[in-house]
Each structure stands twice: as C-alpha cells, then as structure tokens.
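Novice: The structure file model-v3.cif (mmCIF, C-alpha atoms) is provided below.
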data_input
#
loop_
_atom_site.group_PDB
_atom_site.id
_atom_site.type_symbol
_atom_site.label_atom_id
_atom_site.label_comp_id
_atom_site.auth_asym_id
_atom_site.auth_seq_id
_atom_site.Cartn_x
_atom_site.Cartn_y
_atom_site.Cartn_z
ATOM 1 C CA MET A 1 -37.187 78.644 52.101
ATOM 2 C CA LYS A 2 -37.681 79.326 48.403
ATOM 3 C CA LEU A 3 -40.039 77.095 46.459
ATOM 4 C CA VAL A 4 -40.065 77.156 42.652
ATOM 5 C CA TYR A 5 -42.658 75.570 40.381
ATOM 6 C CA PHE A 6 -42.617 74.564 36.728
ATOM 7 C CA ALA A 7 -45.037 73.596 33.940
ATOM 8 C CA TRP A 8 -48.529 72.542 35.102
ATOM 9 C CA VAL A 9 -47.493 72.593 38.760
ATOM 10 C CA ARG A 10 -46.671 76.301 38.314
ATOM 11 C CA GLU A 11 -49.916 76.966 36.425
ATOM 12 C CA ARG A 12 -52.143 75.205 38.921
ATOM 13 C CA ILE A 13 -50.532 76.836 41.964
ATOM 14 C CA GLY A 14 -50.615 80.185 40.192
ATOM 15 C CA THR A 15 -47.077 81.424 40.816
ATOM 16 C CA ASP A 16 -43.595 80.432 39.683
ATOM 17 C CA HIS A 17 -41.962 80.909 43.085
ATOM 18 C CA GLU A 18 -42.640 81.828 46.697
ATOM 19 C CA GLU A 19 -40.931 82.064 50.057
ATOM 20 C CA VAL A 20 -42.431 79.890 52.792
ATOM 21 C CA GLU A 21 -41.899 79.366 56.511
ATOM 22 C CA LEU A 22 -42.143 75.665 57.163
ATOM 23 C CA PRO A 23 -43.893 74.484 60.308
ATOM 24 C CA THR A 24 -41.966 72.110 62.541
ATOM 25 C CA GLY A 25 -42.731 68.538 61.591
ATOM 26 C CA VAL A 26 -42.119 69.111 57.897
ATOM 27 C CA VAL A 27 -38.935 67.073 57.638
ATOM 28 C CA THR A 28 -38.915 65.299 54.283
ATOM 29 C CA VAL A 29 -39.955 66.119 50.716
ATOM 30 C CA SER A 30 -43.033 63.974 51.264
ATOM 31 C CA ASP A 31 -43.971 66.021 54.371
ATOM 32 C CA LEU A 32 -43.529 69.212 52.339
ATOM 33 C CA LEU A 33 -45.837 67.983 49.555
ATOM 34 C CA HIS A 34 -48.543 67.014 52.019
ATOM 35 C CA TRP A 35 -48.269 70.301 53.913
ATOM 36 C CA LEU A 36 -48.438 72.317 50.687
ATOM 37 C CA LYS A 37 -51.430 70.336 49.474
ATOM 38 C CA GLY A 38 -53.428 71.614 52.452
ATOM 39 C CA ARG A 39 -52.720 75.303 51.789
ATOM 40 C CA GLY A 40 -55.609 75.886 49.389
ATOM 41 C CA GLU A 41 -57.574 74.686 46.401
ATOM 42 C CA ASN A 42 -54.855 75.652 43.936
ATOM 43 C CA TYR A 43 -52.280 73.618 45.862
ATOM 44 C CA ALA A 44 -54.694 70.722 46.241
ATOM 45 C CA HIS A 45 -55.265 70.762 42.465
ATOM 46 C CA ALA A 46 -51.537 70.889 41.662
ATOM 47 C CA LEU A 47 -50.603 68.212 44.185
ATOM 48 C CA GLN A 48 -53.660 65.945 43.996
ATOM 49 C CA ALA A 49 -51.366 63.037 43.071
ATOM 50 C CA PRO A 50 -48.200 63.872 45.026
ATOM 51 C CA GLU A 51 -46.527 60.644 43.926
ATOM 52 C CA VAL A 52 -46.159 61.913 40.341
ATOM 53 C CA ILE A 53 -44.494 65.185 41.390
ATOM 54 C CA ARG A 54 -40.730 65.363 40.793
ATOM 55 C CA VAL A 55 -38.629 67.311 43.240
ATOM 56 C CA ALA A 56 -35.192 68.909 43.105
ATOM 57 C CA ILE A 57 -33.337 70.337 46.102
ATOM 58 C CA ASP A 58 -30.836 73.019 45.106
ATOM 59 C CA GLN A 59 -31.095 71.787 41.494
ATOM 60 C CA GLU A 60 -30.445 68.101 42.233
ATOM 61 C CA HIS A 61 -33.119 65.424 41.722
ATOM 62 C CA VAL A 62 -34.196 63.877 45.034
ATOM 63 C CA SER A 63 -36.640 61.206 46.158
ATOM 64 C CA HIS A 64 -39.674 61.985 48.299
ATOM 65 C CA SER A 65 -37.969 60.507 51.361
ATOM 66 C CA GLU A 66 -35.127 63.054 51.206
ATOM 67 C CA PRO A 67 -34.781 65.345 54.257
ATOM 68 C CA ILE A 68 -35.153 69.021 53.334
ATOM 69 C CA ALA A 69 -33.152 70.575 56.173
ATOM 70 C CA GLY A 70 -30.546 72.999 54.842
ATOM 71 C CA ALA A 71 -32.165 73.365 51.409
ATOM 72 C CA SER A 72 -32.209 76.878 49.998
ATOM 73 C CA GLU A 73 -34.343 76.186 46.907
ATOM 74 C CA ILE A 74 -36.805 73.367 46.392
ATOM 75 C CA ALA A 75 -38.346 72.861 42.947
ATOM 76 C CA LEU A 76 -41.579 70.983 42.235
ATOM 77 C CA PHE A 77 -42.428 69.916 38.697
ATOM 78 C CA PRO A 78 -44.147 67.245 36.580
ATOM 79 C CA PRO A 79 -42.228 64.380 34.955
ATOM 80 C CA MET A 80 -39.934 65.854 32.322
ATOM 81 C CA THR A 81 -40.719 65.829 28.599
ATOM 82 C CA GLY A 82 -37.627 67.288 26.949
ATOM 83 C CA GLY A 83 -35.585 65.861 24.129
ATOM 84 C CA MET B 1 -9.301 60.044 31.780
ATOM 85 C CA SER B 2 -12.546 60.860 30.019
ATOM 86 C CA ILE B 3 -13.123 63.913 27.871
ATOM 87 C CA ASP B 4 -15.011 67.005 29.011
ATOM 88 C CA PRO B 5 -18.288 67.167 27.067
ATOM 89 C CA SER B 6 -19.618 70.466 25.768
ATOM 90 C CA VAL B 7 -23.271 71.253 26.540
ATOM 91 C CA ALA B 8 -25.483 74.258 25.858
ATOM 92 C CA ILE B 9 -29.047 75.407 26.488
ATOM 93 C CA GLN B 10 -30.255 78.092 24.098
ATOM 94 C CA ALA B 11 -33.381 79.695 22.634
ATOM 95 C CA GLY B 12 -31.960 80.131 19.131
ATOM 96 C CA ARG B 13 -31.613 77.628 16.322
ATOM 97 C CA ILE B 14 -28.925 74.960 16.610
ATOM 98 C CA ASP B 15 -26.312 75.187 13.863
ATOM 99 C CA LEU B 16 -26.025 71.469 13.144
ATOM 100 C CA ALA B 17 -23.150 71.871 10.661
ATOM 101 C CA ALA B 18 -21.183 73.960 13.193
ATOM 102 C CA GLU B 19 -21.781 71.336 15.905
ATOM 103 C CA ILE B 20 -20.435 68.588 13.649
ATOM 104 C CA ALA B 21 -17.459 70.742 12.640
ATOM 105 C CA ALA B 22 -16.667 71.369 16.336
ATOM 106 C CA ILE B 23 -16.747 67.616 17.042
ATOM 107 C CA GLU B 24 -14.471 66.927 14.070
ATOM 108 C CA THR B 25 -12.009 69.475 15.436
ATOM 109 C CA GLU B 26 -12.183 68.174 19.029
ATOM 110 C CA GLY B 27 -12.155 64.511 18.120
ATOM 111 C CA ALA B 28 -9.872 64.694 15.117
ATOM 112 C CA PHE B 29 -6.122 64.367 14.958
ATOM 113 C CA GLY B 30 -6.703 61.069 13.193
ATOM 114 C CA ALA B 31 -8.151 59.312 16.219
ATOM 115 C CA MET B 32 -11.856 59.605 15.419
ATOM 116 C CA GLY B 33 -13.272 56.631 13.552
ATOM 117 C CA GLY B 34 -16.972 57.258 14.008
ATOM 118 C CA LEU B 35 -19.328 60.101 14.804
ATOM 119 C CA VAL B 36 -22.983 59.460 15.664
ATOM 120 C CA THR B 37 -25.289 62.462 15.815
ATOM 121 C CA PHE B 38 -28.955 62.669 16.716
ATOM 122 C CA SER B 39 -31.199 65.659 16.046
ATOM 123 C CA GLY B 40 -34.687 65.733 17.533
ATOM 124 C CA TYR B 41 -37.292 67.807 15.661
ATOM 125 C CA CYS B 42 -40.628 69.445 16.396
ATOM 126 C CA ARG B 43 -43.461 67.595 14.604
ATOM 127 C CA ASP B 44 -46.626 69.307 13.367
ATOM 128 C CA GLU B 45 -48.663 66.296 14.552
ATOM 129 C CA GLY B 46 -50.569 65.966 11.298
ATOM 130 C CA GLY B 47 -51.050 69.729 10.909
ATOM 131 C CA ARG B 48 -52.526 70.200 14.415
ATOM 132 C CA LEU B 49 -49.538 71.979 15.944
ATOM 133 C CA LYS B 50 -48.401 75.552 15.327
ATOM 134 C CA ALA B 51 -45.455 75.315 17.732
ATOM 135 C CA LEU B 52 -44.075 73.598 20.787
ATOM 136 C CA GLU B 53 -43.212 75.677 23.824
ATOM 137 C CA LEU B 54 -40.292 74.316 25.810
ATOM 138 C CA GLU B 55 -40.145 75.425 29.438
ATOM 139 C CA HIS B 56 -36.941 74.715 31.358
ATOM 140 C CA TYR B 57 -35.406 75.140 34.802
ATOM 141 C CA PRO B 58 -32.529 77.547 34.164
ATOM 142 C CA GLY B 59 -29.359 76.394 35.859
ATOM 143 C CA MET B 60 -30.540 72.882 36.596
ATOM 144 C CA ALA B 61 -31.102 72.167 32.891
ATOM 145 C CA GLU B 62 -27.444 72.950 32.141
ATOM 146 C CA ARG B 63 -26.269 70.949 35.140
ATOM 147 C CA GLU B 64 -28.314 67.862 34.270
ATOM 148 C CA LEU B 65 -27.300 67.966 30.623
ATOM 149 C CA ALA B 66 -23.624 68.216 31.650
ATOM 150 C CA LYS B 67 -24.090 65.395 34.161
ATOM 151 C CA VAL B 68 -25.689 63.055 31.623
ATOM 152 C CA ALA B 69 -23.031 63.847 29.000
ATOM 153 C CA GLY B 70 -20.372 63.253 31.667
ATOM 154 C CA LEU B 71 -21.861 59.820 32.426
ATOM 155 C CA ALA B 72 -21.677 58.944 28.713
ATOM 156 C CA ALA B 73 -18.040 60.090 28.565
ATOM 157 C CA GLU B 74 -17.172 57.957 31.615
ATOM 158 C CA ARG B 75 -18.884 54.882 30.241
ATOM 159 C CA TRP B 76 -17.666 54.926 26.627
ATOM 160 C CA PRO B 77 -14.233 55.852 25.215
ATOM 161 C CA LEU B 78 -15.381 59.076 23.575
ATOM 162 C CA LEU B 79 -13.119 61.512 21.750
ATOM 163 C CA ALA B 80 -15.732 64.253 21.672
ATOM 164 C CA CYS B 81 -19.259 64.738 22.992
ATOM 165 C CA ARG B 82 -21.594 67.680 22.461
ATOM 166 C CA ALA B 83 -25.221 68.226 23.457
ATOM 167 C CA VAL B 84 -27.433 71.255 22.781
ATOM 168 C CA HIS B 85 -31.067 71.693 23.878
ATOM 169 C CA ARG B 86 -33.388 74.557 22.948
ATOM 170 C CA HIS B 87 -36.057 76.275 25.010
ATOM 171 C CA GLY B 88 -38.836 78.709 24.126
ATOM 172 C CA LEU B 89 -41.114 78.481 21.084
ATOM 173 C CA ILE B 90 -40.055 75.929 18.490
ATOM 174 C CA LEU B 91 -41.777 75.601 15.131
ATOM 175 C CA PRO B 92 -42.552 72.332 13.313
ATOM 176 C CA GLY B 93 -39.554 71.329 11.250
ATOM 177 C CA GLU B 94 -37.119 73.017 13.615
ATOM 178 C CA GLU B 95 -34.644 71.097 15.730
ATOM 179 C CA ILE B 96 -35.188 70.815 19.502
ATOM 180 C CA VAL B 97 -32.114 68.893 20.554
ATOM 181 C CA PHE B 98 -28.761 67.758 19.191
ATOM 182 C CA VAL B 99 -26.328 65.195 20.540
ATOM 183 C CA GLY B 100 -23.096 64.084 18.934
ATOM 184 C CA CYS B 101 -20.664 61.448 20.174
ATOM 185 C CA ALA B 102 -17.367 60.603 18.487
ATOM 186 C CA SER B 103 -15.194 57.598 19.187
ATOM 187 C CA ALA B 104 -12.496 55.490 17.574
ATOM 188 C CA HIS B 105 -15.114 52.866 16.664
ATOM 189 C CA ARG B 106 -18.792 53.090 15.791
ATOM 190 C CA THR B 107 -20.295 50.927 18.543
ATOM 191 C CA ALA B 108 -19.211 53.260 21.354
ATOM 192 C CA ALA B 109 -20.429 56.288 19.397
ATOM 193 C CA PHE B 110 -23.851 54.724 18.665
ATOM 194 C CA GLU B 111 -24.347 53.540 22.243
ATOM 195 C CA ALA B 112 -23.196 56.779 23.876
ATOM 196 C CA ALA B 113 -25.484 58.918 21.678
ATOM 197 C CA SER B 114 -28.440 56.626 22.407
ATOM 198 C CA PHE B 115 -27.712 56.632 26.162
ATOM 199 C CA LEU B 116 -27.362 60.398 26.167
ATOM 200 C CA MET B 117 -30.783 60.888 24.554
ATOM 201 C CA ASP B 118 -32.502 58.334 26.799
ATOM 202 C CA PHE B 119 -31.075 59.854 29.976
ATOM 203 C CA LEU B 120 -31.596 63.444 28.851
ATOM 204 C CA LYS B 121 -35.302 62.785 28.263
ATOM 205 C CA THR B 122 -35.896 61.487 31.775
ATOM 206 C CA ARG B 123 -33.468 63.702 33.740
ATOM 207 C CA ALA B 124 -33.125 67.121 32.100
ATOM 208 C CA PRO B 125 -35.761 69.561 33.423
ATOM 209 C CA PHE B 126 -37.662 70.512 30.257
ATOM 210 C CA TRP B 127 -41.421 70.453 29.686
ATOM 211 C CA LYS B 128 -43.252 70.666 26.344
ATOM 212 C CA ARG B 129 -46.553 72.439 25.783
ATOM 213 C CA GLU B 130 -48.512 72.443 22.561
ATOM 214 C CA HIS B 131 -49.559 75.595 20.721
ATOM 215 C CA LEU B 132 -52.310 74.708 18.261
ATOM 216 C CA VAL B 133 -52.952 76.063 14.757
ATOM 217 C CA ASP B 134 -56.327 77.485 15.853
ATOM 218 C CA GLY B 135 -54.436 79.899 18.128
ATOM 219 C CA THR B 136 -55.203 78.194 21.407
ATOM 220 C CA ILE B 137 -52.628 76.883 23.832
ATOM 221 C CA GLY B 138 -53.078 73.165 24.230
ATOM 222 C CA GLY B 139 -52.033 70.868 27.020
ATOM 223 C CA TRP B 140 -48.703 69.884 28.453
ATOM 224 C CA VAL B 141 -47.170 66.871 26.755
ATOM 225 C CA GLU B 142 -47.368 63.859 29.042
ATOM 226 C CA ALA B 143 -44.264 61.910 29.952
ATOM 227 C CA LYS B 144 -44.196 58.442 28.400
ATOM 228 C CA ALA B 145 -43.505 55.250 30.317
ATOM 229 C CA SER B 146 -41.560 54.085 27.244
ATOM 230 C CA ASP B 147 -39.024 56.872 27.907
ATOM 231 C CA ASP B 148 -38.464 55.593 31.451
ATOM 232 C CA GLN B 149 -38.086 52.065 30.085
ATOM 233 C CA ALA B 150 -35.577 53.276 27.487
ATOM 234 C CA ALA B 151 -33.489 54.896 30.229
ATOM 235 C CA ALA B 152 -33.804 51.865 32.512
ATOM 236 C CA ARG B 153 -32.301 49.492 29.953
ATOM 237 C CA TRP B 154 -28.921 51.226 30.466
ATOM 238 C CA GLU B 155 -29.066 50.468 34.209
ATOM 239 C CA ALA B 156 -29.548 46.767 33.613
ATOM 240 C CA SER B 157 -26.695 46.265 31.164
#
Show the structure stored in the file as structure tokens.
Specialist:
Amino acid sequence: MKLVYFAWVRERIGTDHEEVELPTGVVTVSDLLHWLKGRGENYAHALQAPEVIRVAIDQEHVSHSEPIAGASEIALFPPMTGG
Amino acid sequence: MSIDPSVAIQAGRIDLAAEIAAIETEGAFGAMGGLVTFSGYCRDEGGRLKALELEHYPGMAERELAKVAGLAAERWPLLACRAVHRHGLILPGEEIVFVGCASAHRTAAFEAASFLMDFLKTRAPFWKREHLVDGTIGGWVEAKASDDQAAARWEAS
C-alpha cells in the first residue's frame, strides 16, 4: 500500500511517500496511525497527536474509523490552511 | 440542472481580469444580475514575511476544489462559477486564490462565493509555510478554529 505525506507530517517522517506491508489487525485508519506511530522516533514525532491528523483514502477525505481495505493510496496530512 | 463550475490549480499568477471576463461570457446573455468575486492575497505580516510557500496534494486539490464549487452550484442558482488556487512560492501582495460566482440576483452570488471560500479553506488540501525576510524558513501556518466555525455555519442553515 502506498502512503503519502504532506506538510509537517512529511517533514517529521522524513519522506513524502513509501510503500508499506500492513500487518494483519490493521483494519481502520485509526489502526494504521497507531501502527505507524510505533515504527520509529520520526513517526512518533509526526503522529504524537494522531487525532489532529487528517487522512484521505484515494484522494477522498475519510474519518479515522474508516476501513482501509482496498485502498491504493492513503495520505496523511495536517489540517489544511489554503485559501 | 446546475452549471458546471470551472476550477484550476496553478503555480503562476491569476489573471483576475481574465477570470471576470470569462464569467461575464459564461453567465451573460442578459441573465446575469450580479457577480461576486473574492481574491485572497499574501500578507507581509508587518514586514516579517518574504513569501508564503503553498504545498498541495496534486490531484486531490483539483478534485476537492471542483467538489466544493459543485456544492455551491447545487445550492444556489448560479449562472457561472470559477475558482482558481495557486501553489508554490507566493510573494506579499500577490493573489493566492480567486473565486467568482454569478447569479441573477446578488444574494445568491454573495452567499455562494462566501460558502465556496469557507469550504475551500477547510477541505482543499493546501498547506502554507512562511518564508521570512531574514532568509530562514519559518513554521507551518496553523489551521484556525474560526475557519472550521465559518464552514460549519453553512451546515446549520
């Protein structure tokens, strides 16, 4: 599965995208955030407050309770500040 | 049957006069009674800022902008609707975003343009970072709760 990161999430993790193999048990967006958070200091720093992280599956906004099965690209980013 | 809004994401300057001319053409034929436009600009924050850097999620930014403009066109009887958002480095005094909504009467045009800006700010995947006059790259601009509240008022009504 492809993960893409933007803004300070991208900077803190240290890459703008990566391919990951998800362990079984990672079912929802929330599961994904908690699994990622445990992958290293950079992830822990980026995801220290997972509740503020916005998520899009295949370029559609989703809530943290959304199942991720079938997703080809999941994006993690801070609250948006355009306009 | 609502109109099909025109949206664009671009690095270059927005030609505001050309945007207005396009709306006049699309919404003309005597039907347009009011056009409300909004242009958002980069501030220098009292001389502190050299530029704003706008990061975006290519693909999703276009989709969200089109979706938000489509919602405005469904909700108000618009004759034309255009939205343009820039990305990349933007200097103080330059425009960041343009929205224009035309309708037979002013109320729909005012409300649709306001709705479009409020929803765009909370839904379109763009992030601002400050570049300071001393040459350093400052922090990411924090999202404001007031923006969420501005968007939420359209849900309630």
Novice: Can you work out the spacing between atom CA of B:Leu49 and atom CA of B:Val133 in Å, to one decimal?
Specialist: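 A separation of 5.5 Å between them.
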Novice: Quick one: pull the distance between atom CA of A:Pro79 and atom CA of A:Arg12, Å, one decimal.
Specialist: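 According to the coordinates, atom CA of A:Pro79 and atom CA of A:Arg12 are separated by 15.2 Å.
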Novice: Run through the PyMOL selection byres ((chain A) within 8 of (chain B)) on the given coordinates and return the selected residues as a ChimeraX atom specification.
Specialist: /A:6-8,59-60,79-83
Novice: Tell me, as a ChimeraX atom specification, which residues lie within 8 Å of stretch 106-111 of chain B, counting all atoms listed in the file; anything in the same chain fewer than 3 positions away does not count.
Specialist: /B:33-36,76-78,101-103,114-115
Novice: With all atoms listed in the file as the atoms that count, which of A:Val20, A:Gly14, A:Ala49, A:Val29 lies nearest to A:Ala69?
Specialist: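 Closest to A:Ala69 of all the choices is A:Val29.
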Novice: For B:Ala69, find every residue with an atom within 8 Å (counting only C-alpha atoms), except residues of its own chain fewer than 3 positions away, and show them as a PyMOL selection string.
Specialist: chain B and resi 5+7+65-66+72-73+81-83+116
